[in-house]
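Okay, so here's the structure we're looking at.
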Amino acid sequence: MFDIQKRLDTLRADFQTSWEKLKLDDKLAKLAALEAEVAVPEIWNNPDNAREKTMRLANLHDELDPWTLLRTQIHDISELMELGDESLLDEFNGQLDAMESTFNELKVSLRFTGKYDHNDAIVRITAGAGGTEAMDWSGMLERMYLRWAERHKVKVQILDRVAGEEAGIKTVVMEMTGRDVYGQLRSEHGTHRLVRLSPFNADHLRQTSFSLVEVLPVIRDDAEVQIDPKDLRIDVYHSGGHGGQSVNTTNSAVRITHIPTNTVVAIQNERSQLQNKEKAMEILRGKLQQMMQEQNAESVDKLRAGESASWGQQIRNYVLHPYKLVKDTRTKYEENDTDAVLDGAIDNFITAYLDN
């Protein structure tokens, strides 16, 4: 009984430390406030606002419910232990094993201490120089992140996508919604380099291709990143399409340029101009926040155009010939199973980055 009590005391103390570090009491207060807002029927007078709040509510429940359940379990077993019934020792041991295992999984959240780590993420992939080869490589990366999202039950919405003429993509913009998505995927921000035998030339020569992956936090609150409306140029135009009945004949596509930094965001996937503008502003806030972080700028008006890192930050090499290896240039972590990595098994790279 003494050994079990010692394990329980350790678990309870570690759990309380983690609870306080993650400020879960504050998040529970936010959850209660949001539940009260969503419970008011009039919220659906503005469907977009209602959907956003219900989505935030669901995300908070996903984050907090496992912690509150474990807290209840620890409390319940503590009360049972006080009864001193030794006939329940085997049951106590089994319950403690399960709770310790659950706690070890939940502690992963302790890695996400950044301001926006719990936010959703915008992932933008852009093909580098190299024509079809680079576009095919960008398409491979798109599939890798889609497979990662599928494994982690992360919802993906394609905001913009331009396919390559022969293969792959020129660019794609995806919004990923789920638990700690930005905190996990911020490790992917930078240039990804592929070395392989080219399937696109007759001589089958070794080819090096580059693709830029940008990972930005979704920032829906205007107050988080304050942008002077006078610094914005907003253009509207017809959305692209394949013709037929689905072609958009209205000016619903939106391109927003932040003039001081020459940062451009274009979105055409949504049906209405207003929705495209809202999505474009979300991405713009994320891009400017990323620039502020890279330049150590205190506010948007302190940003300098053209000084943010982009193609210069090569973060990972994927070598498929003459040997197979994926290696991160920052953490030095590497794996030989390139097929698994390109199929979405990038968690070890993420963990190595977060623990670095």
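Here, A, B, ... name the chains of the structure tokens in the order displayed, residue numbers run from 1 inside each chain, and ligands are numbered from 1 in the same displayed order.
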7 Å contact set for Leu320 in chain A, only C-alpha atoms, chain neighbours under 5 positions out, as a list in words: Val195, Arg196 and Leu325 of chain A
Lys324 in chain A environment, 8 Å, only C-alpha atoms, sequence neighbours closer than 5 positions dropped, as a list in words: Tyr318, Val319, Asn336, Asp337 and Thr338 of chain A
To one decimal place, how far is CA of Asp235 in chain A from CA of Pro47 in chain A in Å?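 CA of Asp235 in chain A sits 25.7 Å away from CA of Pro47 in chain A.
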Close residues, Asp231 in chain A itself excluded, 10 Å, only C-alpha atoms, min 4 positions apart in chain, as a PyMOL selection string: chain A and resi 227+257-262+301
Write out as JSON, numbers by chain the residues lying within 10 Å of range 212-219 of chain A, counting only C-alpha atoms and excluding same-chain residues fewer than 3 positions away. {"A": [115, 116, 117, 118, 119, 120, 121, 122, 123, 124, 125, 126, 127, 128, 138, 141, 142, 171, 172, 173, 174, 175, 176, 177, 181, 182, 183, 185, 186, 187, 188, 189, 190, 191, 192, 193, 222, 223, 224, 225, 279, 281, 282, 283, 284, 285, 286, 287, 288, 289, 290, 310, 311, 312, 313, 314, 315]}
Mind checking which residues fall within 8 Å of Phe349 in chain A, counting only C-alpha atoms, ignoring those fewer than 2 positions away in the same chain, and posting them as a count of residues only? 8
If you run DSSP on this backbone, which residues of range 30-262 of chain A come out as alpha helix (DSSP H), and could you give them as a PyMOL selection string? chain A and resi 30-38+47-82+89-106+132-151+181-185
